[in-house]
Amino acid sequence: MALITCRGLTLGYEGTVLVENLHFSIGAGDYLCIVGENGSGKSTLIRTLLHLQEPMKGEVIEGDGLRRNEIGYLPQQTLIQRDFPASVREIVLSGCQGRMGFRPFYGPQEKELAARSMEQLGIADLRRRCYRELSGGQQQRVLLARALCATRKVLLLDEPISGLDPKAAMDMYELIAALNRDEKITIIMVSHDMTSIRYATHILHVGDEWFYGTREEYLQSPAGIYFAGVHAEETAAAESSAEEQEGGEEE
Amino acid sequence: MNILETLGMYLSYPFVRYALIVGVLIALCSSLLGVTLVLKRFSFIGDGLSHVAFGAFAIAAVLEVSNEMLVVLPLTVLCAVLLLRMGQNTKIRGDAAIAMLSVGALAIGYLLMNIFSTSSNLSGDVCSSLFGSTSILTLTLGEVILCVVLSVIVIAVFVFFYHKIFAVTFDESFAQATGTDAKKYNLMIAVIVAVIIVLAMNLVGSLLISALIIFPALSAMRLFRSFLSVTICSAILSVCCALIGILGSILWATPVGSTIVAVDIAAFLICWLIDRVRA
Ligand SMILES: Nc1ncnc2c1ncn2[C@@H]1O[C@H](COP(=O)(O)OP(=O)(O)OP(=O)(O)O)[C@@H](O)[C@H]1O
Ligand SMILES: [Mg+2]
């Protein structure tokens, strides 16, 4: 039995259909990468998997004893008020809320879990700092630590590297890969760049023509070849422009 | 006679002690949720509700019910729920709907009081429900007990749900996705705010309630950087300002509500200055 199964899922908003009749299932330990163009409905799919919004048709089924409050989530954009006063520790602890039921205060177990998550992400020494005074990369780590407090089973990450520099982005990918490899946490990640696909076991391409399969299958498919091609051009363009810049500095 | 002796003399009257107890409790309650309201951009709900409470008081006065609270409290809670629904419904312009409801309540309330009032001092009545009355100095023991009970309930609910309120305030969709019923807690927040506003009507009047809710939170946010410290600081600030305001209003014979708010504003300016100097 799979952890999460989508049956005949149709996504869209008020008459406009984004993706039709989506079928796929995610097993324990999988690393699923969701790719697609801007506006193709990736975030919509993530929100549907979380039951934050209803699909137009079809259903999302949890299996393998996965409960709804056992999914960790890293949103694409966290619209947090500019002057929100909150320490890193308070935010990471708030990830434990799903398991609290009606208990009002965090116990030693939750504090332990939060400390471990912060340790894992290398933000333990930031725990008294104010969230809004951190850098973008540090903030992403805090939100990932919060997601880790919510679950040790499944993580849904919506573009976890947006706003990070290339080095920080690579670190983030390594970190997520390590969580998948060492802790056997199932990863479902939205991403735009080809590098992240290296770590994935499965790929879901969202669009008018959707595709689901293993990474190898995807790279052989028309969508995959096209995507890889575009990416290769992009990298080439980026590299040549970088070279030009270097040349310019020398002059 | 120096100030301390004067104060000592006033404190020996039970009505002054009642006023202080009620004032401190109301200030404490209203500051607790202030942080959440400011951060969730819910402060407009507080403003709208206070006008609704004014309208409800007018209706209660017209109906000549013995205990106004029995009419005002349910009506205001009902409107709180309605306002929250409207604010979340993206198809209706939430802010316009709230403006409509609050201004409507204000106008209808004044109209009702004008048509049906038997009082000889109508503008005095209206003025005192808008800006707070000296009736805080004529509280009966029953009213004090009611106020104490409601305040204790509000404080207990806040402490019990503190971590859940934080989670829902910080990131509603994460909370919802990981199994916290955010809608339920939003509703709870709206109901508590309605209760606080009805309580605070007596102290500062319906036009100034928002100040009591928002100023301590904004002041504390200048000084502290974590949710817990901001909440505690805003509670302490609010209580101190209320004490100074009530005592000051007795000493200088100024209106209670506006004096408290003036002290709140002064506190905000001081906090703002400290923040500026530090930066
Ligand atoms: N609440 C909404 N109401 C109506 N339409 C919406 C809503 N949210 C998103 N859309 C539309 O649905 C489409 C898909 O949005 P979605 O956010 O899922 O895209 P995405 O694949 O995540 O894009 P990106 O790569 O930019 O993050 C877009 O065309 C968007 O305009
Ligand atoms: Mg998106």
# chains A, B, ... in the order shown; residues from 1 in each chain; ligands from 1
$ select_by_dssp --residues "stretch 33-200 of chain B" --states "helix (DSSP H, G or I)" --output "PyMOL selection string"
chain B and resi 33-39+43-63+69-88+94-116+122-131+134-138+141-160+162-170+172-177+182-200
$ interface_residues --of "chain A" --to "chain B" --cutoff "6 Å" --atoms "only C-alpha atoms" --output "VMD selection string"
chain A and resid 50 69 85 to 87 94 98 104 130
$ closest_residue --among "A:Ile91, A:Ala177, A:Leu74, A:Leu143" --to "ligand 2" --atoms "only C-alpha atoms and all ligand atoms"
A:Leu74
$ residues_near_ligand --ligand "ligand 1" --cutoff "8 Å" --atoms "only C-alpha atoms and all ligand atoms" --output "PyMOL selection string"
chain A and resi 12-14+18+36-45+76+158-159+192+206
$ select_by_dssp --residues "stretch 36-238 of chain A" --states "strand (DSSP E or B)" --output "number ranges by chain"
A: 57-62, 71-74, 87, 130, 154-158, 186-190, 202-205, 211-214
$ residues_around --residues "B:Ser43" --least-positions-apart "2" --cutoff "12 Å" --atoms "only C-alpha atoms" --output "number ranges by chain"
B: 30, 33-41, 45-50, 83-84, 87, 95, 98, 189-190, 193, 209-215, 217-218
$ write_last_selection --atoms "N, CA and C atoms" --output "short mmCIF file (atom, residue, chain, number, x, y, z; two decimals), in the first residue's frame"
data_model
loop_
_atom_site.label_atom_id
_atom_site.label_comp_id
_atom_site.auth_asym_id
_atom_site.auth_seq_id
_atom_site.Cartn_x
_atom_site.Cartn_y
_atom_site.Cartn_z
N SER B 30 -7.56 42.93 27.27
CA SER B 30 -7.52 43.49 25.92
C SER B 30 -6.10 43.47 25.37
N LEU B 33 -4.83 39.74 23.55
CA LEU B 33 -5.10 39.38 22.16
C LEU B 33 -4.63 40.44 21.18
N GLY B 34 -4.17 41.59 21.72
CA GLY B 34 -3.75 42.67 20.84
C GLY B 34 -2.68 42.24 19.85
N VAL B 35 -1.69 41.49 20.35
CA VAL B 35 -0.58 41.08 19.49
C VAL B 35 -1.11 40.27 18.31
N THR B 36 -1.99 39.31 18.60
CA THR B 36 -2.55 38.48 17.54
C THR B 36 -3.37 39.32 16.56
N LEU B 37 -4.17 40.23 17.09
CA LEU B 37 -5.02 41.03 16.21
C LEU B 37 -4.19 41.91 15.29
N VAL B 38 -3.15 42.54 15.84
CA VAL B 38 -2.30 43.39 15.01
C VAL B 38 -1.62 42.55 13.93
N LEU B 39 -1.08 41.39 14.31
CA LEU B 39 -0.30 40.60 13.36
C LEU B 39 -1.16 39.94 12.31
N LYS B 40 -2.38 39.59 12.68
CA LYS B 40 -3.26 38.94 11.71
C LYS B 40 -4.01 39.96 10.88
N ARG B 41 -3.72 41.24 11.05
CA ARG B 41 -4.48 42.30 10.37
C ARG B 41 -5.96 42.19 10.71
N ILE B 45 -11.39 44.34 12.71
CA ILE B 45 -12.53 43.65 13.31
C ILE B 45 -12.84 44.27 14.68
N GLY B 46 -11.78 44.55 15.44
CA GLY B 46 -11.96 45.17 16.74
C GLY B 46 -12.70 46.50 16.61
N ASP B 47 -12.27 47.27 15.62
CA ASP B 47 -12.87 48.57 15.39
C ASP B 47 -14.34 48.44 15.01
N GLY B 48 -14.61 47.54 14.06
CA GLY B 48 -15.99 47.34 13.63
C GLY B 48 -16.87 46.87 14.77
N LEU B 49 -16.34 45.93 15.56
CA LEU B 49 -17.13 45.35 16.64
C LEU B 49 -17.49 46.37 17.70
N SER B 50 -16.58 47.32 17.94
CA SER B 50 -16.87 48.28 19.00
C SER B 50 -18.07 49.14 18.60
N LEU B 83 -18.41 38.96 10.85
CA LEU B 83 -17.31 39.76 10.29
C LEU B 83 -16.16 38.86 9.87
N LEU B 84 -15.88 37.85 10.66
CA LEU B 84 -14.78 36.93 10.35
C LEU B 84 -15.08 36.20 9.05
N GLY B 87 -14.61 38.58 6.18
CA GLY B 87 -13.20 38.88 5.94
C GLY B 87 -12.52 37.77 5.16
N ASP B 95 -13.25 44.52 3.65
CA ASP B 95 -13.11 45.78 4.38
C ASP B 95 -14.34 46.67 4.18
N ILE B 98 -17.16 45.43 6.33
CA ILE B 98 -16.98 45.76 7.74
C ILE B 98 -17.29 47.23 8.00
N ILE B 189 -10.84 33.23 18.56
CA ILE B 189 -10.24 34.55 18.74
C ILE B 189 -11.30 35.63 18.56
N ALA B 190 -12.14 35.48 17.52
CA ALA B 190 -13.16 36.50 17.26
C ALA B 190 -14.15 36.60 18.43
N VAL B 193 -12.53 38.34 21.37
CA VAL B 193 -12.44 39.78 21.12
C VAL B 193 -13.79 40.45 21.38
N ILE B 209 -11.91 51.77 22.29
CA ILE B 209 -11.53 50.40 22.64
C ILE B 209 -10.34 49.91 21.84
N SER B 210 -10.36 50.21 20.53
CA SER B 210 -9.26 49.75 19.68
C SER B 210 -7.91 50.20 20.23
N ALA B 211 -7.87 51.41 20.78
CA ALA B 211 -6.62 51.93 21.33
C ALA B 211 -6.13 51.02 22.45
N LEU B 212 -7.07 50.59 23.30
CA LEU B 212 -6.72 49.73 24.43
C LEU B 212 -6.16 48.40 23.95
N ILE B 213 -6.69 47.91 22.81
CA ILE B 213 -6.24 46.62 22.29
C ILE B 213 -4.91 46.76 21.56
N ILE B 214 -4.76 47.84 20.78
CA ILE B 214 -3.64 47.90 19.83
C ILE B 214 -2.38 48.56 20.41
N PHE B 215 -2.54 49.65 21.18
CA PHE B 215 -1.35 50.39 21.61
C PHE B 215 -0.35 49.56 22.42
N ALA B 217 0.24 46.40 22.40
CA ALA B 217 0.90 45.43 21.52
C ALA B 217 1.95 46.12 20.66
N LEU B 218 1.58 47.25 20.06
CA LEU B 218 2.53 47.96 19.20
C LEU B 218 3.73 48.45 20.01
#
$ closest_residue --among "A:Gln109, A:Thr214, A:Ser162, A:Gln220" --to "ligand 2" --atoms "only C-alpha atoms and all ligand atoms"
A:Ser162
$ atom_distance --atom1 "atom CA of B:Cys241" --atom2 "atom CA of B:Val261"
8.1 Å
$ residues_around --residues "A:Ala147" --least-positions-apart "3" --cutoff "10 Å" --atoms "only C-alpha atoms" --output "VMD selection string"
(chain A and resid 70 to 75 92 to 96 117 141 to 144 150 to 152 154 to 157) or (chain B and resid 174 178)
$ write_last_selection --atoms "N, CA and C atoms" --output "CSV table (one decimal), in the first residue's frame"
chain,number,residue,atom,x,y,z
A,70,GLU,N,0.4,14.0,10.0
A,70,GLU,CA,1.7,13.5,10.0
A,70,GLU,C,2.5,13.9,8.7
A,71,ILE,N,2.1,15.0,8.1
A,71,ILE,CA,2.8,15.5,6.9
A,71,ILE,C,3.5,16.9,7.2
A,72,GLY,N,4.7,17.0,7.0
A,72,GLY,CA,5.4,18.2,7.2
A,72,GLY,C,5.4,19.0,5.9
A,73,TYR,N,5.4,20.4,6.0
A,73,TYR,CA,5.1,21.2,4.9
A,73,TYR,C,6.0,22.4,4.9
A,74,LEU,N,6.6,22.7,3.7
A,74,LEU,CA,7.4,23.9,3.6
A,74,LEU,C,6.8,24.7,2.5
A,75,PRO,N,6.1,25.8,2.8
A,75,PRO,CA,5.3,26.5,1.7
A,75,PRO,C,6.3,27.2,0.8
A,92,VAL,N,10.0,26.7,15.5
A,92,VAL,CA,10.3,25.3,15.3
A,92,VAL,C,9.4,24.5,16.2
A,93,LEU,N,9.2,24.9,17.5
A,93,LEU,CA,8.3,24.2,18.4
A,93,LEU,C,6.8,24.2,17.9
A,94,SER,N,6.4,25.2,17.2
A,94,SER,CA,5.1,25.3,16.7
A,94,SER,C,4.8,24.2,15.7
A,95,GLY,N,5.9,23.6,15.1
A,95,GLY,CA,5.7,22.4,14.2
A,95,GLY,C,5.1,21.2,14.9
A,96,CYS,N,5.3,21.2,16.2
A,96,CYS,CA,4.8,20.0,17.0
A,96,CYS,C,3.3,20.1,17.3
A,117,SER,N,15.7,18.6,15.7
A,117,SER,CA,15.5,19.2,14.4
A,117,SER,C,16.5,20.4,14.1
A,141,ARG,N,15.8,27.3,6.5
A,141,ARG,CA,16.2,26.2,7.4
A,141,ARG,C,15.3,26.1,8.7
A,142,VAL,N,14.9,27.3,9.2
A,142,VAL,CA,14.0,27.3,10.3
A,142,VAL,C,12.7,26.6,9.9
A,143,LEU,N,12.2,27.0,8.8
A,143,LEU,CA,10.9,26.5,8.3
A,143,LEU,C,11.0,25.0,8.1
A,144,LEU,N,12.2,24.5,7.6
A,144,LEU,CA,12.4,23.1,7.3
A,144,LEU,C,12.4,22.4,8.7
A,150,ALA,N,6.9,18.4,12.6
A,150,ALA,CA,5.5,17.9,12.3
A,150,ALA,C,5.5,16.5,11.9
A,151,THR,N,6.6,15.9,11.3
A,151,THR,CA,6.6,14.6,10.8
A,151,THR,C,8.0,14.0,10.8
A,152,ARG,N,8.0,12.7,10.9
A,152,ARG,CA,9.3,12.0,10.5
A,152,ARG,C,8.9,11.0,9.4
A,154,VAL,N,6.7,12.1,6.0
A,154,VAL,CA,6.6,12.7,4.7
A,154,VAL,C,6.8,14.2,4.8
A,155,LEU,N,7.6,14.7,3.9
A,155,LEU,CA,7.9,16.1,3.8
A,155,LEU,C,7.4,16.6,2.4
A,156,LEU,N,6.6,17.7,2.4
A,156,LEU,CA,6.2,18.3,1.2
A,156,LEU,C,6.9,19.6,1.1
A,157,LEU,N,7.7,19.8,0.1
A,157,LEU,CA,8.5,21.0,0.0
A,157,LEU,C,8.2,21.8,-1.3
B,174,PHE,N,0.1,26.4,7.3
B,174,PHE,CA,0.9,25.3,7.9
B,174,PHE,C,0.2,24.7,9.0
B,178,THR,N,-1.0,20.7,9.0
B,178,THR,CA,-0.5,19.7,9.9
B,178,THR,C,-1.4,19.4,11.1
